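**Student:** Quick one: structure below, then a few questions.
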Amino acid sequence: MSAAPRAAVDIGGTFTDIVVEWGAAQRVTAKVLTTYPNPEDGFMRGLGLALDRARLVPRDITAIIHGTTLATNALITRRGARTALLATEGFRDVLEIGHEGRFALYDLFIEKPEPLVPRPLRFEVAERIAVDGAVLRPLDEAALAALAPAIRASGAESLAICFLQAWADPQHEERAEAILAPLLPGLTITRAADVCAEIREYDRFSTACANAYVRPLVERYVAGLESALAEAGYRCPLLVVTSGGGMTTPEFAKRYPVRLIESGPAGGAVLAAEIAKAAGLDRVLSFDMGGTTAKICFITDGEAQHARGFEAARAHRFVKGSGLPLRIPVVEMVEIGAGGGSIARLDALGRLVVGPDSAASDPGPACYGRGGTRPTVTDADLVSGRVDAARFAGGSIALDVPAAEQALAAVGTPLGLRPPLAAAAIAEVVEETMAAAARVHAAEGGHDTGGCTMIAFGGAAPLHAARVAEKLGIGHVLVPVGAGVGSAIGFLRAPVSFELALSWPQPLATLDMAELNARLTAMGHRALAAVRAATDAAVEEQRTALMRYRGQGHEIEVALPPGALSDRDRPALGDAFAEAYRRLYGRAIPHLAVEAMTWTVRVRTVPVPPARLAAPPPAIAEAPVAGAREFLDPLTGREVPIRLVERAALLPGSLATGPAALLEDETTTLVPAGWSATADAAGNLILTRGAA
Amino acid sequence: MSALEAFRRQLVWDRLIAAVEEQAQTLIRTAFSPSTREAGDLSAGVFDRQGRMLAQAVTGTPGHVNAMALAVGHFLRAHPADTLRPGDVLMTNDPWMGSGHLHDFTVVTPAFHRGALVALFAATVHVVDIGGLGVGVESRDVFQEGFYIPISFVLRQGEADATLFRLLRANVREPDQVEGDLHSLVASNQAGADRLVAMLEEFGLDDLQAVGDRIVADSRAAMLRALADAPHGTWHSALTMDGVDTSIPLRCALTIAADGITVDFAGTAGQSPFGINVPKCYTEAYTGYAVRCVIGSEVPNNAGSLSVVRVLAPEGTIVNALKPAPVTARHMVGQMLPDLVFGALAQAFPDRVPAEGTSALWNLRLSGGIGTPGVAAAAFADARPFTITSFNTGGAGARPGLDGLHATAFPSGVRNVPLEITEAMTPLVFWRKALRDGSGGAGQWRGGDGQVVEIAHRRGEPFALNATFERVAHAARGRAGGQDGALGVVRLGSGRLLSGKGRQVIPAGERLVVEMPGGGGFGPPAARDPARVVRDVAEGRIDAAAAERLYGFNARESGR
């Protein structure tokens, strides 16, 4: 933690979270409602509030780190700019044809997501680059210039230039921009190969169009924010958090706004990775459960898993394949429609299911008394006694227990379960759903959940974490201090970082190392320049190859050794691929040819090693019990008495033996039977199974 | 049974479904065959000791829906449950016991708990090669199609059968990949079995008997409830396929009664001399799938829900071909069966069933270099041979209330191969991949448009197309007054028409042009909302002349 005060602002769908840190370990937090349609208002108000609490003034702040759902929401609600596409002749429909598949096997009535660019705004020009960069057909410059009036007349505010195989040589895209820019002043132009220099036309076009679609909005927003901050007396740089969990300058954010998508959850993963490093945990499952969704991410050796792709704005909630593919660096995580607001119902077979539909914040769970009538996880947590009505959100929202019970009857009565038992059953099902998603995600990535430590944060996580862990064979859960504003705290730990990817398909056997070195060096310079725009701090460079057995459909990421590569590195590259393949799939296939499709370079500031987190001292005494409450076990139907323990009373050296509930103003941490809880000096809770 | 007991059984049921989804996911990531990886052409399921399927993963193609449910019964007849021991693993690729052709390996693993066999895990994947002629219509009997493995032990009490592996490796072109897929089938079943045993421990159960009974009974009851609301009676349907050398009539009679649905394929064409015949298990799969799309689609697949659909097919027809009929391209007929069944279902459920679509995939199987038929080796002596398959499709049928999807696979759930990847793997160049405007059938709801693909050899050399295209002679028909979709067309850039079936050469310097079919329309065109017609014209889906001809819509008169 740095001595100079820094602030983080995380604008989410419902709340805007602010964290200010300074000194050795001083921190204040603030939470305000997100303000629509001008989220910068909530930003400024919340930041001011936090500063007041910290007794600081704007001049004291040395950096503001910001993450926002603005770009994500613009895609979901389709409130981006009117966007045009300029494609290679014969290929404007690539954006609409997509993958040609269906995302739901049995549903005859699916609708695919509307392309971000409607067909009348998709223009074409004659040109063609081959897969090796050769020009098969020159760009028809006269025809292109002649298109300008039609593009202007279309009313487009933003344009994406997407040419086939342009990642291999962007000269036609660059020339097209140079020709059109002076003819169409005021039009924002995105070149596909600049945003995503990767092979696979639909994914690249989709990424470029999404970038073009949100760009005018983000440009205006960031510019507005910068001037508002200057006006309010802030003299520090503003940095923006990306989907990969790094920070970048406002200039890069404005040029590549598609990279801002899902930055909030990425911040949570950064926090979990930081804690994993501090606590010396090499295998961690990060579990972030909020009001609408839960996010699960694997963290290995202190690094969150990264991926090169993401699917945004799914037409069918959480159904793979129903969204817009984006090729951007992201923190790899699975998002499940399971949160406090998730609605419980009975399916066609009369089985209890929870989510993915959510009551969100409006109307909210039935117990909020704002018109919601359908039973949610929060209603269940209230009726089952997990949540204390009087202390929910520090007592700021009065919870209506009878309304919650009445809502629960909708599912409980047909099942023959009275409200408390229905409530316990809903909790059990939502925990089962999250555990199942975690297991499938583990199978996808070749992970094993058993033996991991779970790091749990987000408003609803402490209530359900231990039971989810139990289902996954996990015996250790860490609930960090400040769990409710985890993403914003994570922002303060994020490095300044920039990542580039470039496709260059090469069989390993004939890979030209000199050419590879030249390409990687050029990419390194570009990435470094992006980082240097923000900081002079020491940096490190990480390079990978996306490799596969020849003919496979997916690549896996293999780290490259630092420095210039030579022919002597060839066998080691093959071995590294085989090893990565074995780690993921359990075996390698000897004798098959290996090829690399894409190369990546990431430059980031060297992370400051976090102060080692001391293990909690041995617990010698039970923490004082503040009371007792009856809990229903949904599996046995029996009432189990549980201890109520004030969270503040659980000091290092004491423990709470489950079944117990640790009470505090923001949330409740549940310690099931067979588990016990202790606290470390930093205030983190550690739940352990099988220890007493 | 107490309410609580019922809830506990639900949790076990949910856990079984989760376990097979996890098993399937592992297979998708590890499989080598592109159709497994990209199309989810695989299956994973768990069965009780009587061989009743209790849960099956939802994967990308319907070809396994019912086939797997029947497969385990064959294994248990050959090796009764009480003869199986821990560590035993069985397999077969028998087209009549597995899923219809030799490329599909089915592996079955018994799971033991407290010393007793409590369940069997089964998984199927499509392996990349099985020797023989490869996937196509050329084979004349199943023996030309590759290596045939009757139900055999892969492992016996943990000990691998070395002879089986040696024979398998010696009989396939890609021994490492095929053996690898077999290992991953074994491993994924084992993972499922381990998950099951841990779950039985967690819930304190001895076996799956009580849970299995509930799954089967509840699912069957849910299907019967759906049938209770349905009209009862018998409806007939007929469809003609292009076929290979002669057209193929398909017929079915579908009967809905209170106790189940029967689909009878009597009157369907006899076996074909080409490799497009369908073993009955595969007919059951696509039939069951079609019915379940319309009735009870929310009910999970298991022995209970599947028991409600009965399939009758006379022996010796193309939909119940007998050994040793050639079957390797059985999906060509299989993928048309949903349209046939929909033809009957539409009469009972006029507002739930789409018009006909492209249905059978328009996969581009292209090859070139030395060995291309009709090419003098001397002329292109340095041409490295290549073969590639790209999954593609035309338009889907219009739905009651919704237009058909453009260029979207149905009933298969396959995804395409990016053309940039195809260009990276071959010397081919795509010059066009665009929606085929106006190809969807007119209607109140328009059929989905097909697409046009234009391909050339980068150096102007000849290359070959192995065509397995349907709907070149018989269009996707409209429904309820909707018009037919456009026929597919295969031709050279210079105009000469090519055949929809068989291996053909694209001569030097020529382009291959493939115009994929459109889906059928739904409802009379006159009933289409004029605002939609305006949008169709604005988006270039149809031109102004077509708007007037098909929809009686005149832009000037309407003042728009």
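Lettering and numbering for the structure tokens are positional, with chains as A, B, ... in the shown order, residues counted from 1 in each chain, and ligands counted from 1 in the shown order.
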Based on only C-alpha atoms, which of the residues in chain B come within 7 Å of chain A? I want them as a PDB file with N, CA and C atoms, in the first residue's frame.
**Tutor:**
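For reference, iface_4.pdb as written:
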```
ATOM      1  N   ALA B   3     -42.077 -34.354   1.802  1.00  0.00           N
ATOM      2  CA  ALA B   3     -41.666 -33.266   0.920  1.00  0.00           C
ATOM      3  C   ALA B   3     -40.149 -33.134   0.933  1.00  0.00           C
ATOM      4  N   LEU B   4     -39.586 -33.377   2.095  1.00  0.00           N
ATOM      5  CA  LEU B   4     -38.147 -33.228   2.242  1.00  0.00           C
ATOM      6  C   LEU B   4     -37.388 -34.293   1.458  1.00  0.00           C
ATOM      7  N   ARG B   8     -34.715 -33.828  -1.486  1.00  0.00           N
ATOM      8  CA  ARG B   8     -33.381 -34.416  -1.480  1.00  0.00           C
ATOM      9  C   ARG B   8     -33.121 -35.174  -2.783  1.00  0.00           C
ATOM     10  N   GLN B  10     -34.454 -34.456  -5.611  1.00  0.00           N
ATOM     11  CA  GLN B  10     -34.209 -33.465  -6.661  1.00  0.00           C
ATOM     12  C   GLN B  10     -32.737 -33.058  -6.692  1.00  0.00           C
ATOM     13  N   ALA B  18     -25.570 -32.365 -13.568  1.00  0.00           N
ATOM     14  CA  ALA B  18     -24.322 -31.595 -13.539  1.00  0.00           C
ATOM     15  C   ALA B  18     -23.125 -32.489 -13.839  1.00  0.00           C
ATOM     16  N   GLU B  22     -20.445 -32.012 -17.005  1.00  0.00           N
ATOM     17  CA  GLU B  22     -19.011 -31.890 -16.769  1.00  0.00           C
ATOM     18  C   GLU B  22     -18.246 -32.934 -17.591  1.00  0.00           C
ATOM     19  N   GLN B  25     -18.229 -31.760 -21.166  1.00  0.00           N
ATOM     20  CA  GLN B  25     -17.332 -30.631 -21.375  1.00  0.00           C
ATOM     21  C   GLN B  25     -15.881 -31.101 -21.511  1.00  0.00           C
ATOM     22  N   THR B  26     -15.515 -32.051 -20.688  1.00  0.00           N
ATOM     23  CA  THR B  26     -14.164 -32.602 -20.770  1.00  0.00           C
ATOM     24  C   THR B  26     -13.930 -33.214 -22.146  1.00  0.00           C
ATOM     25  N   ARG B  29     -13.403 -30.565 -24.971  1.00  0.00           N
ATOM     26  CA  ARG B  29     -12.094 -29.927 -24.966  1.00  0.00           C
ATOM     27  C   ARG B  29     -10.987 -30.863 -25.411  1.00  0.00           C
ATOM     28  N   THR B  30     -11.173 -32.161 -25.264  1.00  0.00           N
ATOM     29  CA  THR B  30     -10.055 -33.053 -25.540  1.00  0.00           C
ATOM     30  C   THR B  30     -10.176 -33.768 -26.880  1.00  0.00           C
ATOM     31  N   PHE B  32     -10.447 -34.762 -30.853  1.00  0.00           N
ATOM     32  CA  PHE B  32      -9.703 -34.315 -32.022  1.00  0.00           C
ATOM     33  C   PHE B  32     -10.575 -34.059 -33.236  1.00  0.00           C
ATOM     34  N   GLY B  60     -24.353 -30.654 -28.813  1.00  0.00           N
ATOM     35  CA  GLY B  60     -24.670 -29.867 -29.996  1.00  0.00           C
ATOM     36  C   GLY B  60     -25.448 -30.519 -31.116  1.00  0.00           C
ATOM     37  N   ASP B 176      -2.638 -42.029 -33.369  1.00  0.00           N
ATOM     38  CA  ASP B 176      -2.432 -41.285 -32.121  1.00  0.00           C
ATOM     39  C   ASP B 176      -3.710 -40.565 -31.699  1.00  0.00           C
ATOM     40  N   ASP B 218     -41.258 -39.209 -12.864  1.00  0.00           N
ATOM     41  CA  ASP B 218     -41.610 -37.791 -12.997  1.00  0.00           C
ATOM     42  C   ASP B 218     -41.488 -37.309 -14.436  1.00  0.00           C
ATOM     43  N   SER B 219     -40.446 -37.760 -15.110  1.00  0.00           N
ATOM     44  CA  SER B 219     -40.225 -37.288 -16.477  1.00  0.00           C
ATOM     45  C   SER B 219     -41.296 -37.842 -17.406  1.00  0.00           C
ATOM     46  N   ALA B 222     -44.444 -35.942 -16.757  1.00  0.00           N
ATOM     47  CA  ALA B 222     -44.429 -34.600 -17.336  1.00  0.00           C
ATOM     48  C   ALA B 222     -44.716 -34.651 -18.831  1.00  0.00           C
ATOM     49  N   CYS B 293     -38.680 -31.204 -29.640  1.00  0.00           N
ATOM     50  CA  CYS B 293     -38.607 -29.764 -29.913  1.00  0.00           C
ATOM     51  C   CYS B 293     -39.993 -29.127 -29.777  1.00  0.00           C
ATOM     52  N   SER B 297     -40.274 -29.873 -24.458  1.00  0.00           N
ATOM     53  CA  SER B 297     -38.850 -29.593 -24.647  1.00  0.00           C
ATOM     54  C   SER B 297     -38.152 -29.247 -23.336  1.00  0.00           C
ATOM     55  N   GLU B 298     -38.919 -28.898 -22.303  1.00  0.00           N
ATOM     56  CA  GLU B 298     -38.305 -28.566 -21.008  1.00  0.00           C
ATOM     57  C   GLU B 298     -37.941 -29.799 -20.197  1.00  0.00           C
ATOM     58  N   VAL B 299     -38.491 -30.957 -20.590  1.00  0.00           N
ATOM     59  CA  VAL B 299     -38.260 -32.164 -19.796  1.00  0.00           C
ATOM     60  C   VAL B 299     -36.898 -32.739 -20.179  1.00  0.00           C
ATOM     61  N   ALA B 407     -28.838 -18.485 -42.893  1.00  0.00           N
ATOM     62  CA  ALA B 407     -27.591 -19.257 -42.843  1.00  0.00           C
ATOM     63  C   ALA B 407     -27.331 -19.829 -41.451  1.00  0.00           C
ATOM     64  N   THR B 408     -28.277 -20.588 -40.954  1.00  0.00           N
ATOM     65  CA  THR B 408     -28.151 -21.146 -39.605  1.00  0.00           C
ATOM     66  C   THR B 408     -28.502 -22.631 -39.632  1.00  0.00           C
ATOM     67  N   ALA B 409     -27.624 -23.418 -39.003  1.00  0.00           N
ATOM     68  CA  ALA B 409     -27.784 -24.867 -39.033  1.00  0.00           C
ATOM     69  C   ALA B 409     -29.005 -25.316 -38.233  1.00  0.00           C
ATOM     70  N   GLY B 413     -26.368 -28.556 -34.698  1.00  0.00           N
ATOM     71  CA  GLY B 413     -26.028 -27.293 -34.040  1.00  0.00           C
ATOM     72  C   GLY B 413     -24.623 -26.833 -34.395  1.00  0.00           C
ATOM     73  N   VAL B 414     -24.125 -27.255 -35.551  1.00  0.00           N
ATOM     74  CA  VAL B 414     -22.723 -27.052 -35.929  1.00  0.00           C
ATOM     75  C   VAL B 414     -22.373 -25.567 -36.085  1.00  0.00           C
ATOM     76  N   ARG B 415     -21.124 -25.227 -35.815  1.00  0.00           N
ATOM     77  CA  ARG B 415     -20.590 -23.890 -36.092  1.00  0.00           C
ATOM     78  C   ARG B 415     -19.615 -23.996 -37.262  1.00  0.00           C
ATOM     79  N   ASN B 416     -19.466 -22.913 -37.998  1.00  0.00           N
ATOM     80  CA  ASN B 416     -18.627 -22.970 -39.196  1.00  0.00           C
ATOM     81  C   ASN B 416     -17.141 -22.891 -38.846  1.00  0.00           C
ATOM     82  N   PRO B 418     -13.954 -20.634 -39.615  1.00  0.00           N
ATOM     83  CA  PRO B 418     -13.696 -19.315 -40.200  1.00  0.00           C
ATOM     84  C   PRO B 418     -12.976 -19.457 -41.545  1.00  0.00           C
ATOM     85  N   GLU B 420     -10.969 -17.498 -42.931  1.00  0.00           N
ATOM     86  CA  GLU B 420      -9.549 -17.123 -42.830  1.00  0.00           C
ATOM     87  C   GLU B 420      -8.703 -18.305 -42.378  1.00  0.00           C
ATOM     88  N   ILE B 421      -9.278 -19.179 -41.561  1.00  0.00           N
ATOM     89  CA  ILE B 421      -8.559 -20.376 -41.129  1.00  0.00           C
ATOM     90  C   ILE B 421      -8.427 -21.337 -42.311  1.00  0.00           C
ATOM     91  N   GLU B 423      -8.296 -20.554 -45.373  1.00  0.00           N
ATOM     92  CA  GLU B 423      -7.266 -20.004 -46.262  1.00  0.00           C
ATOM     93  C   GLU B 423      -5.858 -20.239 -45.709  1.00  0.00           C
ATOM     94  N   ALA B 424      -5.755 -20.272 -44.378  1.00  0.00           N
ATOM     95  CA  ALA B 424      -4.433 -20.499 -43.779  1.00  0.00           C
ATOM     96  C   ALA B 424      -3.991 -21.953 -43.943  1.00  0.00           C
ATOM     97  N   TRP B 431     -13.821 -15.557 -52.434  1.00  0.00           N
ATOM     98  CA  TRP B 431     -14.077 -14.260 -53.058  1.00  0.00           C
ATOM     99  C   TRP B 431     -15.439 -13.708 -52.668  1.00  0.00           C
ATOM    100  N   ARG B 432     -16.249 -14.534 -52.029  1.00  0.00           N
ATOM    101  CA  ARG B 432     -17.536 -14.036 -51.573  1.00  0.00           C
ATOM    102  C   ARG B 432     -18.065 -14.974 -50.499  1.00  0.00           C
ATOM    103  N   LYS B 433     -18.670 -14.407 -49.466  1.00  0.00           N
ATOM    104  CA  LYS B 433     -19.447 -15.164 -48.493  1.00  0.00           C
ATOM    105  C   LYS B 433     -20.506 -14.186 -48.041  1.00  0.00           C
ATOM    106  N   ALA B 434     -21.649 -14.294 -48.650  1.00  0.00           N
ATOM    107  CA  ALA B 434     -22.677 -13.278 -48.446  1.00  0.00           C
ATOM    108  C   ALA B 434     -24.034 -13.946 -48.335  1.00  0.00           C
ATOM    109  N   LEU B 435     -24.965 -13.291 -47.692  1.00  0.00           N
ATOM    110  CA  LEU B 435     -26.325 -13.826 -47.658  1.00  0.00           C
ATOM    111  C   LEU B 435     -26.886 -13.812 -49.070  1.00  0.00           C
ATOM    112  N   ALA B 538     -35.498  -2.170 -47.674  1.00  0.00           N
ATOM    113  CA  ALA B 538     -34.443  -1.254 -47.220  1.00  0.00           C
ATOM    114  C   ALA B 538     -33.160  -2.006 -46.925  1.00  0.00           C
ATOM    115  N   GLU B 539     -33.292  -3.205 -46.419  1.00  0.00           N
ATOM    116  CA  GLU B 539     -32.100  -3.982 -46.076  1.00  0.00           C
ATOM    117  C   GLU B 539     -31.580  -4.790 -47.253  1.00  0.00           C
TER     118      GLU B 539
END
```
**Student:** Which region 228-275 of chain B residues have any atom within 12 Å of an atom of region 329-344 of chain B, and for each, what is the nearest pair of atoms with distance in Å to one decimal, counting only C-alpha atoms, rows sorted by chain and number, as CSV?
**Tutor:**
```
residue,atom,partner,partner_atom,distance
B:Gly233,CA,B:Ala344,CA,10.7
B:Thr234,CA,B:Ala344,CA,8.4
B:Trp235,CA,B:Ala344,CA,5.2
B:His236,CA,B:Ala344,CA,5.3
B:Ser237,CA,B:Ala344,CA,5.1
B:Ala238,CA,B:Leu340,CA,6.3
B:Leu239,CA,B:Leu340,CA,6.0
B:Thr240,CA,B:Leu340,CA,9.2
B:Met241,CA,B:Met336,CA,8.1
B:Asp242,CA,B:Val333,CA,10.2
B:Gly243,CA,B:Val333,CA,8.8
B:Val244,CA,B:Met332,CA,10.6
B:Ser247,CA,B:Val333,CA,11.8
B:Ile248,CA,B:Val333,CA,9.4
B:Pro249,CA,B:Leu340,CA,10.3
B:Leu250,CA,B:Leu340,CA,7.3
B:Arg251,CA,B:Leu340,CA,7.2
B:Cys252,CA,B:Val341,CA,7.0
B:Ala253,CA,B:Ala344,CA,7.1
B:Leu254,CA,B:Ala344,CA,6.2
B:Thr255,CA,B:Ala344,CA,9.0
B:Ile256,CA,B:Ala344,CA,10.5
B:Ile261,CA,B:Val341,CA,11.6
B:Thr262,CA,B:Val341,CA,10.9
B:Val263,CA,B:Val341,CA,8.0
B:Asp264,CA,B:Val341,CA,10.0
B:Phe265,CA,B:Val341,CA,9.7
B:Thr268,CA,B:Leu340,CA,10.9
B:Ala269,CA,B:Val333,CA,11.2
B:Gln271,CA,B:Val333,CA,11.4
B:Ser272,CA,B:Arg330,CA,10.8
B:Phe274,CA,B:Ala329,CA,8.8
B:Gly275,CA,B:Ala329,CA,5.5
```
**Student:** Ranking A:Ile11, A:Ala534, A:Ile642, A:Ala272 by minimum distance to Asn38 (chain A) and counting only C-alpha atoms, which one comes first?
**Tutor:**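 Of the candidates, the smallest distance to Asn38 (chain A) is held by A:Ile11.
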**Student:** Calculate how many Å separate CA of Gly521 (chain B) from CA of Gly485 (chain B), rounding to one decimal.
**Tutor:**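 Interatomic distance, CA of Gly521 (chain B) to CA of Gly485 (chain B): 6.9 Å.
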**Student:** Restrict the calculation to only C-alpha atoms, then for each residue of region 353-452 of chain A with any atom at most 9 Å from an atom of region 281-284 of chain A give the closest atom pair and their distance in Å to one decimal, rows by chain and rising residue number, as a tab-separated table.
**Tutor:**
```
residue	atom	partner	partner_atom	distance
A:Thr449	CA	A:Val284	CA	8.6
A:Gly451	CA	A:Arg283	CA	7.5
A:Cys452	CA	A:Arg283	CA	5.0
```
**Student:** For the residues in that selection, give me C-alpha atoms as a PDB file, in the first residue's frame.
**Tutor:**
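To be explicit, this is the file written out as selection.pdb:
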```
ATOM      1  CA  THR A 449     -11.409 -27.501  -7.316  1.00  0.00           C
ATOM      2  CA  GLY A 451      -7.457 -28.460  -2.579  1.00  0.00           C
ATOM      3  CA  CYS A 452      -8.123 -24.881  -3.692  1.00  0.00           C
TER       4      CYS A 452
END
```
**Student:** Any idea what's packed within 12 Å of Phe143 (chain B), counting only C-alpha atoms, ignoring anything in its chain fewer than 4 positions away? Could you give it as a ChimeraX atom specification?
**Tutor:** /B:94-95,101-102,130-134,139,147-149,275,323-328
**Student:** Restricted to N, CA and C atoms, what would the selected residues look like written as an mmCIF file, in the first residue's frame?
**Tutor:**
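File again03.cif, as written:
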```cif
data_model
loop_
_atom_site.group_PDB
_atom_site.id
_atom_site.type_symbol
_atom_site.label_atom_id
_atom_site.label_comp_id
_atom_site.auth_asym_id
_atom_site.auth_seq_id
_atom_site.Cartn_x
_atom_site.Cartn_y
_atom_site.Cartn_z
ATOM 1 N N ASP B 94 -20.183 -50.423 -33.181
ATOM 2 C CA ASP B 94 -21.199 -51.079 -34.004
ATOM 3 C C ASP B 94 -22.287 -50.068 -34.370
ATOM 4 N N PRO B 95 -22.463 -49.780 -35.679
ATOM 5 C CA PRO B 95 -23.432 -48.746 -36.069
ATOM 6 C C PRO B 95 -24.847 -49.054 -35.587
ATOM 7 N N HIS B 101 -22.814 -45.030 -37.173
ATOM 8 C CA HIS B 101 -21.700 -45.316 -38.078
ATOM 9 C C HIS B 101 -20.423 -45.613 -37.292
ATOM 10 N N LEU B 102 -19.465 -46.183 -38.008
ATOM 11 C CA LEU B 102 -18.266 -46.708 -37.341
ATOM 12 C C LEU B 102 -17.411 -45.610 -36.715
ATOM 13 N N ILE B 130 -11.547 -43.866 -39.102
ATOM 14 C CA ILE B 130 -11.741 -45.255 -38.687
ATOM 15 C C ILE B 130 -11.332 -46.194 -39.821
ATOM 16 N N GLY B 131 -10.404 -45.715 -40.674
ATOM 17 C CA GLY B 131 -10.005 -46.521 -41.833
ATOM 18 C C GLY B 131 -11.096 -46.473 -42.888
ATOM 19 N N GLY B 132 -11.070 -47.401 -43.827
ATOM 20 C CA GLY B 132 -12.115 -47.451 -44.852
ATOM 21 C C GLY B 132 -12.090 -46.247 -45.771
ATOM 22 N N LEU B 133 -13.232 -45.980 -46.391
ATOM 23 C CA LEU B 133 -13.312 -44.961 -47.438
ATOM 24 C C LEU B 133 -13.481 -43.549 -46.892
ATOM 25 N N GLY B 134 -13.768 -43.397 -45.609
ATOM 26 C CA GLY B 134 -14.027 -42.061 -45.070
ATOM 27 C C GLY B 134 -15.489 -41.689 -45.253
ATOM 28 N N SER B 139 -19.309 -45.707 -50.239
ATOM 29 C CA SER B 139 -19.224 -47.093 -49.784
ATOM 30 C C SER B 139 -20.444 -47.895 -50.245
ATOM 31 N N PHE B 147 -12.887 -50.010 -39.647
ATOM 32 C CA PHE B 147 -12.620 -51.013 -38.612
ATOM 33 C C PHE B 147 -13.843 -51.142 -37.696
ATOM 34 N N TYR B 148 -14.316 -52.370 -37.541
ATOM 35 C CA TYR B 148 -15.589 -52.633 -36.876
ATOM 36 C C TYR B 148 -15.294 -53.344 -35.548
ATOM 37 N N ILE B 149 -15.681 -52.732 -34.446
ATOM 38 C CA ILE B 149 -15.352 -53.294 -33.125
ATOM 39 C C ILE B 149 -16.640 -53.722 -32.419
ATOM 40 N N GLY B 275 -23.801 -44.989 -49.237
ATOM 41 C CA GLY B 275 -23.570 -44.939 -47.782
ATOM 42 C C GLY B 275 -24.422 -43.948 -47.017
ATOM 43 N N LYS B 323 -27.642 -54.475 -41.308
ATOM 44 C CA LYS B 323 -26.264 -54.860 -41.576
ATOM 45 C C LYS B 323 -26.273 -55.842 -42.739
ATOM 46 N N PRO B 324 -25.399 -55.764 -43.702
ATOM 47 C CA PRO B 324 -24.217 -54.888 -43.800
ATOM 48 C C PRO B 324 -24.423 -53.661 -44.701
ATOM 49 N N ALA B 325 -25.562 -52.988 -44.622
ATOM 50 C CA ALA B 325 -25.788 -51.811 -45.460
ATOM 51 C C ALA B 325 -24.716 -50.750 -45.193
ATOM 52 N N PRO B 326 -24.330 -49.982 -46.212
ATOM 53 C CA PRO B 326 -23.390 -48.880 -45.993
ATOM 54 C C PRO B 326 -24.102 -47.720 -45.291
ATOM 55 N N VAL B 327 -23.496 -47.175 -44.239
ATOM 56 C CA VAL B 327 -24.197 -46.205 -43.383
ATOM 57 C C VAL B 327 -23.369 -44.974 -43.030
ATOM 58 N N THR B 328 -22.179 -44.842 -43.598
ATOM 59 C CA THR B 328 -21.259 -43.844 -43.032
ATOM 60 C C THR B 328 -21.772 -42.403 -43.107
#
```
**Student:** Ala473 (chain B): which residues within 8 Å, counting only C-alpha atoms, same-chain residues fewer than 3 positions away excluded, as an NGL selection string?
**Tutor:** :B and (242 or 470 or 487-488)
**Student:** So that I have them on file, write out the residues from the current selection with C-alpha atoms, as a compact mmCIF listing (two decimals), in the first residue's frame.
**Tutor:**
```txt
# COMPACT_ATOMS: atom_id res chain seq x y z
CA ASP B 242 -32.73 -35.53 -53.87
CA GLU B 470 -29.58 -31.85 -50.61
CA LEU B 487 -33.22 -24.39 -54.50
CA GLY B 488 -29.53 -24.76 -53.90
```
**Student:** Which polymer residues have any atom within 6 Å of an atom of region 215-226 of chain A, counting only C-alpha atoms, with same-chain residues fewer than 3 positions away left out, as a CSV table (one decimal) with N, CA and C atoms, in the first residue's frame?
**Tutor:**
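Here's the written file part_7.csv:
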```
chain,number,residue,atom,x,y,z
A,211,ASN,N,-16.2,-2.0,-30.8
A,211,ASN,CA,-15.3,-0.8,-30.5
A,211,ASN,C,-15.9,0.5,-31.1
A,212,ALA,N,-16.2,0.4,-32.3
A,212,ALA,CA,-16.8,1.6,-33.0
A,212,ALA,C,-18.1,2.0,-32.4
A,229,LEU,N,-13.1,16.6,-13.2
A,229,LEU,CA,-12.1,16.4,-12.1
A,229,LEU,C,-11.2,17.6,-12.0
A,254,LYS,N,-10.0,5.7,-24.8
A,254,LYS,CA,-10.9,6.3,-25.8
A,254,LYS,C,-10.7,5.7,-27.2
A,257,PRO,N,-12.1,1.4,-26.5
A,257,PRO,CA,-13.1,1.3,-25.4
A,257,PRO,C,-13.6,-0.1,-25.3
```
**Student:** Record the distance separating CA of Cys209 (chain A) and CA of Tyr36 (chain A), expressed in Å with one decimal.
**Tutor:**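 Distance reported for this atom pair: 25.0 Å.
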**Student:** Which polymer residues have any atom within 7 Å of an atom of Gly441 (chain B), counting only C-alpha atoms, with same-chain residues fewer than 6 positions away left out, as a ChimeraX atom specification?
**Tutor:** /B:447,478,482-486,518-521
